[in-house]
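Colleague: This one is upload_11.cif, mmCIF, C-alpha atoms (C1' of nucleotides).
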data_my_file
#
loop_
_atom_site.label_atom_id
_atom_site.label_comp_id
_atom_site.auth_asym_id
_atom_site.auth_seq_id
_atom_site.Cartn_x
_atom_site.Cartn_y
_atom_site.Cartn_z
CA MET A 105 189.84 99.53 200.30
CA ARG A 106 190.54 103.16 200.77
CA LEU A 107 189.34 106.35 199.21
CA SER A 108 191.89 109.00 198.32
CA GLU A 109 192.24 111.85 200.76
CA GLY A 110 191.55 114.09 197.79
CA VAL A 111 187.92 113.01 197.86
CA GLU A 112 187.48 114.60 201.24
CA TRP A 113 189.21 117.74 200.08
CA GLY A 114 187.18 117.94 196.90
CA LEU A 115 183.89 117.51 198.73
CA HIS A 116 184.72 120.19 201.27
CA CYS A 117 185.76 122.58 198.52
CA CYS A 118 182.54 121.99 196.60
CA VAL A 119 180.54 122.54 199.77
CA LEU A 120 182.30 125.83 200.23
CA LEU A 121 181.77 126.87 196.61
CA ALA A 122 178.14 125.85 196.42
CA PRO A 123 176.57 128.63 198.51
CA LEU A 124 178.44 131.39 196.70
CA PRO A 125 176.44 133.72 194.42
CA ASP A 126 175.97 132.64 190.83
CA GLY A 127 179.20 132.82 188.88
CA ALA A 128 181.34 133.45 191.93
CA GLY A 129 184.38 131.36 192.71
CA LEU A 130 187.51 131.05 194.81
CA PRO A 131 191.18 130.67 193.92
CA ALA A 132 192.94 127.48 194.92
CA LYS A 133 195.06 129.41 197.35
CA ALA A 134 191.98 130.47 199.31
CA LEU A 135 190.45 126.98 199.22
CA ALA A 136 193.70 125.52 200.51
CA GLU A 137 194.04 128.10 203.25
CA PHE A 138 190.45 127.64 204.37
CA HIS A 139 190.92 123.90 204.82
CA GLY A 140 194.48 124.03 206.03
CA VAL A 141 195.88 121.81 203.30
CA SER A 142 198.67 121.99 200.74
CA GLU A 143 197.76 124.26 197.86
CA SER A 144 199.91 122.48 195.28
CA TYR A 145 198.35 119.15 195.98
CA LEU A 146 194.83 120.52 196.22
CA VAL A 147 195.17 121.98 192.72
CA LYS A 148 195.86 118.50 191.44
CA HIS A 149 192.48 117.32 192.65
CA LEU A 150 190.63 120.47 191.59
CA LYS A 151 192.06 119.98 188.14
CA ALA A 152 190.58 116.48 188.09
CA LEU A 153 187.20 117.97 188.97
CA VAL A 154 187.56 120.39 186.07
CA ARG A 155 188.20 117.50 183.70
CA ALA A 156 185.14 115.77 185.15
CA ASN A 157 183.06 118.85 184.38
CA VAL A 158 182.27 119.49 188.03
CA LEU A 159 184.28 122.69 188.33
CA THR A 160 185.31 125.43 185.94
CA SER A 161 188.66 127.14 186.17
CA ILE A 162 189.64 130.64 185.20
CA SER A 163 193.25 131.72 184.82
CA GLY A 164 194.95 134.92 185.76
CA PRO A 165 194.33 137.44 188.53
CA LYS A 166 190.71 137.40 189.66
CA GLY A 167 190.69 133.82 188.43
CA GLY A 168 189.83 130.70 190.42
CA PHE A 169 187.50 127.75 190.54
CA ARG A 170 183.74 127.72 190.56
CA LEU A 171 181.02 125.10 190.11
CA ALA A 172 180.43 124.19 186.49
CA ARG A 173 176.70 123.72 187.12
CA PRO A 174 174.17 124.75 189.76
CA ALA A 175 174.72 122.92 193.02
CA SER A 176 171.37 121.23 192.63
CA GLN A 177 172.66 119.48 189.51
CA ILE A 178 175.90 118.14 190.98
CA THR A 179 175.73 114.91 192.93
CA LEU A 180 178.23 113.61 195.44
CA LEU A 181 178.92 110.79 193.01
CA ASP A 182 180.02 113.31 190.41
CA VAL A 183 182.59 114.69 192.83
CA VAL A 184 183.82 111.35 194.12
CA GLN A 185 184.14 109.80 190.68
CA GLY A 186 185.66 112.98 189.33
CA ILE A 187 188.58 112.56 191.70
CA GLU A 188 188.79 108.80 192.04
CA GLY A 189 187.96 108.00 188.44
CA GLY A 190 185.01 105.92 187.44
CA GLN A 191 186.73 102.55 187.71
CA PRO A 192 185.01 100.03 189.98
CA ALA A 193 186.70 99.17 193.25
CA PHE A 194 186.48 95.46 192.59
CA ARG A 195 188.30 94.42 189.45
CA CYS A 196 187.80 90.91 188.17
CA THR A 197 191.00 89.36 186.88
CA GLU A 198 189.13 86.30 185.65
CA ILE A 199 191.01 83.80 187.72
CA ARG A 200 188.23 81.34 186.95
CA ARG A 201 189.81 80.96 183.54
CA ARG A 202 193.04 79.68 184.96
CA GLY A 203 193.92 76.42 186.63
CA PRO A 204 192.90 72.82 186.03
CA ALA A 205 189.14 73.47 185.71
CA ALA A 206 189.53 76.13 183.05
CA LEU A 207 187.71 75.82 179.74
CA GLY A 208 188.38 77.35 176.36
CA PRO A 209 188.11 81.10 175.90
CA GLY A 210 184.66 80.82 174.31
CA ALA A 211 183.12 79.26 177.42
CA TYR A 212 183.04 82.46 179.45
CA ARG A 213 180.35 84.55 177.86
CA LEU A 214 178.46 84.98 181.12
CA PRO A 215 180.07 87.37 183.60
CA CYS A 216 181.67 86.02 186.74
CA MET A 217 178.98 85.71 189.41
CA ILE A 218 181.34 86.84 192.14
CA THR A 219 182.11 89.98 190.21
CA ALA A 220 178.40 90.50 189.63
CA SER A 221 177.74 90.45 193.37
CA MET A 222 180.56 92.85 194.11
CA LEU A 223 179.45 95.26 191.41
CA GLU A 224 175.89 95.10 192.68
CA ALA A 225 177.15 96.33 196.04
CA GLU A 226 179.05 99.12 194.33
CA ARG A 227 175.94 100.16 192.47
CA ALA A 228 174.14 100.46 195.79
CA TRP A 229 177.00 102.61 197.06
CA ALA A 230 176.89 104.79 193.98
CA ALA A 231 173.11 105.09 194.16
CA VAL A 232 173.28 106.70 197.59
CA LEU A 233 175.84 109.21 196.41
CA ARG A 234 173.97 109.89 193.19
CA ASN A 235 170.86 110.55 195.21
CA LYS A 236 172.35 113.43 197.14
CA THR A 237 173.17 116.72 195.47
CA LEU A 238 175.56 119.36 196.67
CA ALA A 239 172.57 121.65 197.27
CA GLN A 240 170.95 119.12 199.59
CA LEU A 241 174.19 118.53 201.43
CA VAL A 242 174.78 122.23 201.94
CA GLU A 243 171.25 122.64 203.24
CA GLU A 244 171.70 119.84 205.76
CA LEU A 245 175.04 121.20 206.74
CA THR A 246 174.02 124.80 207.32
CA ALA A 247 171.08 123.64 209.41
CA LYS A 248 173.30 121.74 211.80
CA LEU A 249 176.46 123.77 211.64
CA ASP A 250 177.58 125.92 214.52
CA PRO A 251 176.44 129.51 213.79
CA ARG A 252 179.82 130.83 214.82
CA ALA A 253 181.48 128.78 212.09
CA ILE A 254 179.14 130.28 209.51
CA GLU A 255 179.82 133.72 210.88
CA LYS A 256 183.57 133.24 210.70
CA THR A 257 183.29 131.94 207.15
CA LEU A 258 181.19 134.90 206.04
CA ALA A 259 183.71 137.24 207.59
CA TRP A 260 186.57 135.54 205.76
CA LEU A 261 184.94 135.18 202.36
CA PRO A 262 184.76 138.77 201.01
CA ALA A 263 188.52 139.20 200.94
CA VAL A 264 189.08 136.19 198.68
CA VAL A 265 185.91 135.63 196.66
CA ARG A 266 186.16 136.28 192.93
CA ILE A 267 183.72 137.93 190.54
CA MET B 203 189.29 103.49 195.48
CA ARG B 204 190.42 99.98 194.89
CA LEU B 205 189.82 96.64 196.53
CA SER B 206 192.77 94.37 197.07
CA GLU B 207 193.23 91.55 194.61
CA GLY B 208 193.16 89.27 197.63
CA VAL B 209 189.43 89.89 197.98
CA GLU B 210 188.84 88.25 194.64
CA TRP B 211 191.08 85.34 195.59
CA GLY B 212 189.45 84.89 198.97
CA LEU B 213 185.96 84.90 197.53
CA HIS B 214 186.83 82.34 194.88
CA CYS B 215 188.47 80.12 197.49
CA CYS B 216 185.43 80.31 199.75
CA VAL B 217 183.17 79.48 196.82
CA LEU B 218 185.29 76.43 196.13
CA LEU B 219 185.31 75.36 199.78
CA ALA B 220 181.60 75.91 200.40
CA PRO B 221 180.20 72.94 198.47
CA LEU B 222 182.59 70.45 200.03
CA PRO B 223 181.18 67.90 202.51
CA ASP B 224 180.99 68.92 206.14
CA GLY B 225 184.41 69.18 207.71
CA ALA B 226 186.26 68.81 204.43
CA GLY B 227 188.90 71.28 203.33
CA LEU B 228 191.69 71.96 200.89
CA PRO B 229 195.35 72.82 201.36
CA ALA B 230 196.57 76.19 200.21
CA LYS B 231 198.64 74.53 197.53
CA ALA B 232 195.51 73.08 195.93
CA LEU B 233 193.58 76.35 196.22
CA ALA B 234 196.44 78.20 194.58
CA GLU B 235 196.80 75.67 191.80
CA PHE B 236 193.08 75.66 191.09
CA HIS B 237 193.00 79.41 190.63
CA GLY B 238 196.40 79.72 189.03
CA VAL B 239 197.79 82.13 191.59
CA SER B 240 200.87 82.32 193.82
CA GLU B 241 200.57 79.95 196.78
CA SER B 242 202.75 81.99 199.13
CA TYR B 243 200.70 85.10 198.64
CA LEU B 244 197.39 83.31 198.77
CA VAL B 245 198.30 81.92 202.20
CA LYS B 246 198.66 85.47 203.44
CA HIS B 247 195.06 86.20 202.61
CA LEU B 248 193.75 82.86 203.84
CA LYS B 249 195.49 83.54 207.12
CA ALA B 250 193.60 86.82 207.35
CA LEU B 251 190.36 84.93 206.84
CA VAL B 252 191.35 82.58 209.67
CA ARG B 253 191.88 85.55 211.96
CA ALA B 254 188.48 86.86 210.89
CA ASN B 255 186.91 83.55 211.86
CA VAL B 256 185.80 82.79 208.32
CA LEU B 257 188.16 79.87 207.77
CA THR B 258 189.79 77.31 210.01
CA SER B 259 193.29 76.05 209.40
CA ILE B 260 194.81 72.69 210.22
CA SER B 261 198.54 72.10 210.19
CA GLY B 262 200.49 69.12 209.05
CA PRO B 263 199.89 66.53 206.36
CA LYS B 264 196.21 66.11 205.57
CA GLY B 265 195.88 69.65 206.85
CA GLY B 266 194.42 72.61 205.01
CA PHE B 267 191.73 75.26 205.16
CA ARG B 268 188.01 74.80 205.58
CA LEU B 269 185.07 77.04 206.34
CA ALA B 270 184.77 77.91 210.02
CA ARG B 271 180.97 77.87 209.81
CA PRO B 272 178.29 76.54 207.47
CA ALA B 273 178.25 78.40 204.16
CA SER B 274 174.77 79.66 204.95
CA GLN B 275 176.18 81.58 207.91
CA ILE B 276 179.03 83.32 206.11
CA THR B 277 178.25 86.49 204.21
CA LEU B 278 180.25 88.07 201.45
CA LEU B 279 180.83 90.97 203.81
CA ASP B 280 182.54 88.62 206.25
CA VAL B 281 184.97 87.55 203.55
CA VAL B 282 185.60 91.02 202.15
CA GLN B 283 186.12 92.62 205.55
CA GLY B 284 188.18 89.68 206.70
CA ILE B 285 190.72 90.46 204.01
CA GLU B 286 190.40 94.21 203.68
CA GLY B 287 189.90 94.93 207.35
CA GLY B 288 186.79 96.61 208.69
CA GLN B 289 188.04 100.18 208.27
CA PRO B 290 185.78 102.44 206.25
CA ALA B 291 186.95 103.48 202.79
CA PHE B 292 186.33 107.14 203.51
CA ARG B 293 188.34 108.44 206.43
CA CYS B 294 187.52 111.84 207.78
CA THR B 295 190.62 113.82 208.70
CA GLU B 296 188.52 116.62 210.14
CA ILE B 297 189.84 119.32 207.89
CA ARG B 298 186.84 121.39 208.98
CA ARG B 299 188.74 122.01 212.21
CA ARG B 300 191.60 123.69 210.43
CA GLY B 301 191.88 127.01 208.71
CA PRO B 302 190.48 130.45 209.43
CA ALA B 303 186.90 129.35 210.16
CA ALA B 304 187.92 126.78 212.76
CA LEU B 305 186.43 126.90 216.23
CA GLY B 306 187.66 125.50 219.51
CA PRO B 307 187.92 121.74 219.98
CA GLY B 308 184.68 121.61 221.94
CA ALA B 309 182.62 122.94 219.05
CA TYR B 310 182.73 119.73 217.02
CA ARG B 311 180.53 117.33 218.89
CA LEU B 312 178.35 116.61 215.87
CA PRO B 313 179.97 114.43 213.20
CA CYS B 314 181.03 115.95 209.91
CA MET B 315 178.02 115.86 207.56
CA ILE B 316 180.18 115.03 204.57
CA THR B 317 181.57 112.05 206.38
CA ALA B 318 178.05 111.03 207.37
CA SER B 319 176.97 110.98 203.74
CA MET B 320 179.98 108.97 202.68
CA LEU B 321 179.51 106.46 205.45
CA GLU B 322 175.84 106.14 204.60
CA ALA B 323 176.87 105.06 201.11
CA GLU B 324 179.29 102.55 202.57
CA ARG B 325 176.58 101.13 204.76
CA ALA B 326 174.47 100.56 201.66
CA TRP B 327 177.43 98.81 200.07
CA ALA B 328 177.95 96.64 203.12
CA ALA B 329 174.25 95.85 203.37
CA VAL B 330 174.24 94.26 199.93
CA LEU B 331 177.22 92.11 200.79
CA ARG B 332 175.83 91.23 204.19
CA ASN B 333 172.62 90.16 202.55
CA LYS B 334 174.24 87.49 200.43
CA THR B 335 175.65 84.34 201.97
CA LEU B 336 178.21 82.01 200.48
CA ALA B 337 175.50 79.37 200.20
CA GLN B 338 173.32 81.66 198.10
CA LEU B 339 176.23 82.63 195.91
CA VAL B 340 177.22 79.03 195.31
CA GLU B 341 173.65 78.16 194.42
CA GLU B 342 173.46 80.97 191.88
CA LEU B 343 176.81 80.06 190.52
CA THR B 344 176.20 76.35 190.02
CA ALA B 345 172.92 77.11 188.31
CA LYS B 346 174.59 79.26 185.68
CA LEU B 347 177.99 77.65 185.47
CA ASP B 348 179.05 75.66 182.46
CA PRO B 349 178.46 71.95 183.27
CA ARG B 350 181.86 71.09 181.86
CA ALA B 351 183.53 73.33 184.41
CA ILE B 352 181.71 71.55 187.23
CA GLU B 353 182.68 68.22 185.76
CA LYS B 354 186.31 69.19 185.54
CA THR B 355 186.28 70.45 189.09
CA LEU B 356 184.72 67.27 190.41
CA ALA B 357 187.32 65.26 188.57
CA TRP B 358 190.12 67.31 190.07
CA LEU B 359 188.87 67.48 193.65
CA PRO B 360 189.28 63.92 194.96
CA ALA B 361 193.03 63.97 194.61
CA VAL B 362 193.45 67.03 196.81
CA VAL B 363 190.49 67.21 199.17
CA ARG B 364 191.23 66.65 202.84
CA ILE B 365 189.29 64.69 205.47
"C1'" DG C 297 202.88 39.83 213.85
"C1'" DG C 298 202.18 44.01 216.66
"C1'" DA C 299 203.53 47.98 219.10
"C1'" DG C 300 206.62 51.61 219.91
"C1'" DT C 301 209.71 55.14 218.22
"C1'" DG C 302 212.28 57.93 215.44
"C1'" DA C 303 212.70 60.26 211.16
"C1'" DT C 304 210.35 62.37 207.45
"C1'" DA C 305 207.51 64.94 204.60
"C1'" DC C 306 204.05 68.00 204.37
"C1'" DT C 307 201.35 71.75 206.23
"C1'" DC C 308 200.58 76.51 208.14
"C1'" DG C 309 202.78 80.91 210.16
"C1'" DG C 310 205.43 85.09 210.45
"C1'" DA C 311 209.31 87.95 209.02
"C1'" DT C 312 211.40 89.91 205.01
"C1'" DA C 313 212.13 92.29 199.94
"C1'" DT C 314 209.97 94.62 195.86
"C1'" DC C 315 206.79 97.67 193.33
"C1'" DT C 316 202.83 100.19 192.10
"C1'" DG C 317 199.97 104.11 193.09
"C1'" DG C 318 198.79 107.84 196.11
"C1'" DT C 319 201.12 111.97 198.23
"C1'" DG C 320 203.62 116.11 197.87
"C1'" DT C 321 206.19 119.75 195.43
"C1'" DC C 322 208.18 122.60 191.93
"C1'" DC C 323 208.54 125.36 187.80
"C1'" DG C 324 206.37 126.90 183.25
"C1'" DA C 325 202.18 128.87 180.24
"C1'" DG C 326 198.55 132.14 180.12
"C1'" DT C 327 195.83 136.15 181.33
"C1'" DT C 328 194.36 140.21 183.68
"C1'" DT C 329 195.67 144.06 186.05
"C1'" DT C 330 198.34 148.01 186.76
"C1'" DC C 331 201.61 151.46 186.30
"C1'" DG C 332 203.99 154.62 183.38
"C1'" DC C 333 204.38 157.37 179.34
"C1'" DG C 334 202.98 160.05 175.59
"C1'" DG C 335 199.55 162.74 173.28
"C1'" DC D 92 193.06 164.51 181.52
"C1'" DC D 93 192.75 160.35 178.51
"C1'" DG D 94 194.42 156.46 175.81
"C1'" DC D 95 197.92 153.21 174.75
"C1'" DG D 96 201.41 149.89 175.82
"C1'" DA D 97 204.57 147.19 178.23
"C1'" DA D 98 205.76 144.98 182.36
"C1'" DA D 99 204.43 142.61 186.34
"C1'" DA D 100 201.92 139.80 189.37
"C1'" DC D 101 198.86 136.37 189.98
"C1'" DT D 102 196.48 132.36 188.36
"C1'" DC D 103 196.08 127.53 186.53
"C1'" DG D 104 198.55 123.46 184.25
"C1'" DG D 105 201.66 119.67 183.74
"C1'" DA D 106 206.10 117.33 184.84
"C1'" DC D 107 209.03 115.61 188.48
"C1'" DA D 108 210.50 113.35 193.56
"C1'" DC D 109 208.91 110.76 197.68
"C1'" DC D 110 206.52 107.48 200.65
"C1'" DA D 111 202.96 104.17 202.37
"C1'" DG D 112 200.60 100.12 201.46
"C1'" DA D 113 199.76 96.28 198.50
"C1'" DT D 114 202.25 92.57 196.22
"C1'" DA D 115 205.31 88.72 196.28
"C1'" DT D 116 208.54 85.52 198.40
"C1'" DC D 117 211.29 82.80 201.56
"C1'" DC D 118 212.44 80.17 205.59
"C1'" DG D 119 211.02 78.43 210.26
"C1'" DA D 120 207.43 75.98 213.68
"C1'" DG D 121 204.34 72.26 214.19
"C1'" DT D 122 202.07 67.77 213.29
"C1'" DA D 123 200.29 63.45 211.17
"C1'" DT D 124 202.26 59.90 208.53
"C1'" DC D 125 205.32 56.29 207.58
"C1'" DA D 126 208.96 53.10 207.95
"C1'" DC D 127 211.88 50.64 210.76
"C1'" DT D 128 213.17 48.17 214.77
"C1'" DC D 129 212.47 45.59 218.74
"C1'" DC D 130 209.63 42.56 221.53
#
Represent the structure of the file as structure tokens.

Modeller:
Amino acid sequence: MRLSEGVEWGLHCCVLLAPLPDGAGLPAKALAEFHGVSESYLVKHLKALVRANVLTSISGPKGGFRLARPASQITLLDVVQGIEGGQPAFRCTEIRRRGPAALGPGAYRLPCMITASMLEAERAWAAVLRNKTLAQLVEELTAKLDPRAIEKTLAWLPAVVRI
Amino acid sequence: MRLSEGVEWGLHCCVLLAPLPDGAGLPAKALAEFHGVSESYLVKHLKALVRANVLTSISGPKGGFRLARPASQITLLDVVQGIEGGQPAFRCTEIRRRGPAALGPGAYRLPCMITASMLEAERAWAAVLRNKTLAQLVEELTAKLDPRAIEKTLAWLPAVVRI
DNA sequence: GGAGTGATACTCGGATATCTGGTGTCCGAGTTTTCGCGG
DNA sequence: CCGCGAAAACTCGGACACCAGATATCCGAGTATCACTCC
């Protein structure tokens, strides 16, 4: 099991966008530069977040990406699922229906118990992420972050921030 | 994010092995036939479970795989991690250390808060799986399973069970 | 008839191909800005 | 000096290569069984 690297990128970008003034955003080029990652590939993930209604994109000069909603209304689950897609990690292929002990197709109205257990675990995973908003995460982060990092970020922002 | 198909196979195999009498096992060929999957590939996953100390393997005729411990002492997490490996799904690449706001290497003694949140979710996921043993799962399963399926399985077992 | 021994058949084990999905990149569509020109 | 217009530059958006890891398979190592032979 492995989460896409894009999840990390997307989360960091959202954390950077969250504290900006209302309506402000950043172009992909700036987001990529700030995190030291490929711009082309980052756009791919940001685009996914736009489709998931987590970000909003604006074209043209002075364009960029910004949060689609207030940071207090975006959960980590929204971001993770926006990039990874909502599909569950465990996917039942119904192997119980094959082999010598298999019954007719009508016999399997109850879901596979193994799948039920695995999905229960995933629900617990999702619950933790759904319980934490971007606003909370940013608050925790700024409290523990090195002041010099905040200072450097604030010094860098004005040249690239949009609107 | 996606779990390997082998996790499903491994869990089903363990569920089939758990109710067998003490010390009894099944050869990979039988396990593969019962679930209608490739034997060669199934062995690869069973081998991983042997390395993880979930199963024990015996070579030669009358050989096969059996649980390494009582079913009440094997958790679903043991099986899942035995096949997937214990690595976390979210892997922090420390992109916070790159880019214009980066500080010196010594400034990052505290773990990345984003990673902390993601790992907290994974711990919740693991806790659910750790909290359910094979014995519990088998009990739930037999209670809800179609009696005809159990009957068919019991009719098929004697010809392939070992020791 | 019984014990020993060799061959055999069956099992697991690791090394080896194939293929899907994540990773990475490029070029095109759209929009705002900006510069130049004319009034 | 002001307004209009066209070109340009910058942005996002989707289509196209590349690579790691999962998927799938084969052949070799090891062992209990079995049959045969000899005592």

Colleague: I'd like the residues picked by the PyMOL selection byres ((chain B) within 7 of (chain C)) written out as a PyMOL selection string, using the chain letters and numbers from the file.

Modeller: chain B and resi 261-263+265

Colleague: Evaluate the PyMOL selection byres ((chain D) within 6 of (chain A)) and record the selected residues as a list of chain:residue names, following the chain and residue labels used in the document.

Modeller: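 Applied to this file, the PyMOL selection byres ((chain D) within 6 of (chain A)) selects D:DC101, D:DT102, D:DC103.
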
Colleague: Atom CA of B:Ile285 and atom CA of A:Glu109, how far apart in Å?

Modeller: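 These atoms are spaced 21.7 Å apart.
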
Colleague: Report as a PyMOL selection string the residues that result from applying the PyMOL selection byres ((chain A) within 7 of (chain B)) to the structure here.

Modeller: chain A and resi 105-108+137-140+188+193-194+199-200+202-207+217+225-226+228-229+232-233+245+253+256-257

Colleague: For the atom pair atom CA of B:His247 and atom CA of B:Gly212, what is the interatomic distance in Å to one decimal place?

Modeller: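 So the answer is 6.8 Å.
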
Colleague: Report, in Å to a single decimal, how far apart atom CA of A:Tyr145 and atom CA of A:Asn235 are.

Modeller: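 Going from atom CA of A:Asn235 over to atom CA of A:Tyr145, I get 28.8 Å.
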
Colleague: Go ahead and fit an axis-aligned box to every listed atom of stretch 286-305 of chain B plus 5 Å each side, and pass me the centre and edge lengths in Å, one decimal, as AutoDock Vina command-line options.

Modeller:
--center_x 188.8 --center_y 112.3 --center_z 209.5 --size_x 16.1 --size_y 46.2 --size_z 23.4

Colleague: What's the 12 Å shell around D:DA126, counting all atoms listed in the file, without same-chain residues fewer than 5 positions away, as number ranges by chain?

Modeller: C: 301-304

Colleague: All heavy atoms for stretch 353-361 of chain B, written as a CSV table (one decimal), keeping the file's coordinate frame, could you do that?

Modeller:
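Result file follows (rebuild.csv):
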chain,number,residue,atom,x,y,z
B,353,GLU,N,182.1,69.6,186.0
B,353,GLU,CA,182.7,68.2,185.8
B,353,GLU,C,184.2,68.2,186.0
B,353,GLU,O,184.7,67.3,186.7
B,353,GLU,CB,182.3,67.8,184.3
B,353,GLU,CG,182.6,66.3,184.0
B,353,GLU,CD,182.3,66.0,182.6
B,353,GLU,OE1,181.5,66.8,182.0
B,353,GLU,OE2,182.8,65.0,182.0
B,354,LYS,N,184.9,69.1,185.4
B,354,LYS,CA,186.3,69.2,185.5
B,354,LYS,C,186.7,69.4,187.0
B,354,LYS,O,187.7,68.8,187.5
B,354,LYS,CB,186.9,70.4,184.7
B,354,LYS,CG,187.2,70.0,183.3
B,354,LYS,CD,188.0,71.1,182.6
B,354,LYS,CE,188.7,70.6,181.3
B,354,LYS,NZ,189.6,71.7,180.7
B,355,THR,N,186.0,70.2,187.7
B,355,THR,CA,186.3,70.4,189.1
B,355,THR,C,186.1,69.2,189.9
B,355,THR,O,186.9,68.8,190.7
B,355,THR,CB,185.4,71.6,189.6
B,355,THR,OG1,185.5,72.7,188.8
B,355,THR,CG2,185.7,71.9,191.1
B,356,LEU,N,185.0,68.5,189.7
B,356,LEU,CA,184.7,67.3,190.4
B,356,LEU,C,185.8,66.2,190.1
B,356,LEU,O,186.1,65.3,190.9
B,356,LEU,CB,183.3,66.8,190.1
B,356,LEU,CG,182.2,67.6,190.6
B,356,LEU,CD1,180.8,67.1,190.2
B,356,LEU,CD2,182.3,67.7,192.1
B,357,ALA,N,186.3,66.2,188.9
B,357,ALA,CA,187.3,65.3,188.6
B,357,ALA,C,188.6,65.6,189.3
B,357,ALA,O,189.4,64.7,189.6
B,357,ALA,CB,187.5,65.2,187.1
B,358,TRP,N,188.8,66.9,189.5
B,358,TRP,CA,190.1,67.3,190.1
B,358,TRP,C,190.1,67.2,191.6
B,358,TRP,O,191.1,66.9,192.2
B,358,TRP,CB,190.4,68.7,189.6
B,358,TRP,CG,191.5,69.4,190.3
B,358,TRP,CD1,192.8,69.3,190.0
B,358,TRP,CD2,191.4,70.3,191.4
B,358,TRP,NE1,193.6,70.1,190.8
B,358,TRP,CE2,192.8,70.7,191.7
B,358,TRP,CE3,190.4,70.8,192.2
B,358,TRP,CZ2,193.1,71.6,192.8
B,358,TRP,CZ3,190.7,71.7,193.2
B,358,TRP,CH2,192.0,72.0,193.5
B,359,LEU,N,189.0,67.4,192.2
B,359,LEU,CA,188.9,67.5,193.6
B,359,LEU,C,189.4,66.3,194.4
B,359,LEU,O,190.2,66.4,195.3
B,359,LEU,CB,187.4,67.7,194.1
B,359,LEU,CG,187.0,69.2,194.2
B,359,LEU,CD1,185.5,69.3,194.6
B,359,LEU,CD2,187.9,69.9,195.3
B,360,PRO,N,189.0,65.1,194.1
B,360,PRO,CA,189.3,63.9,195.0
B,360,PRO,C,190.7,63.8,195.3
B,360,PRO,O,191.1,63.3,196.4
B,360,PRO,CB,188.8,62.7,194.1
B,360,PRO,CG,187.7,63.3,193.3
B,360,PRO,CD,188.1,64.7,193.0
B,361,ALA,N,191.6,64.2,194.4
B,361,ALA,CA,193.0,64.0,194.6
B,361,ALA,C,193.6,64.9,195.6
B,361,ALA,O,194.7,64.7,196.2
B,361,ALA,CB,193.8,64.1,193.3
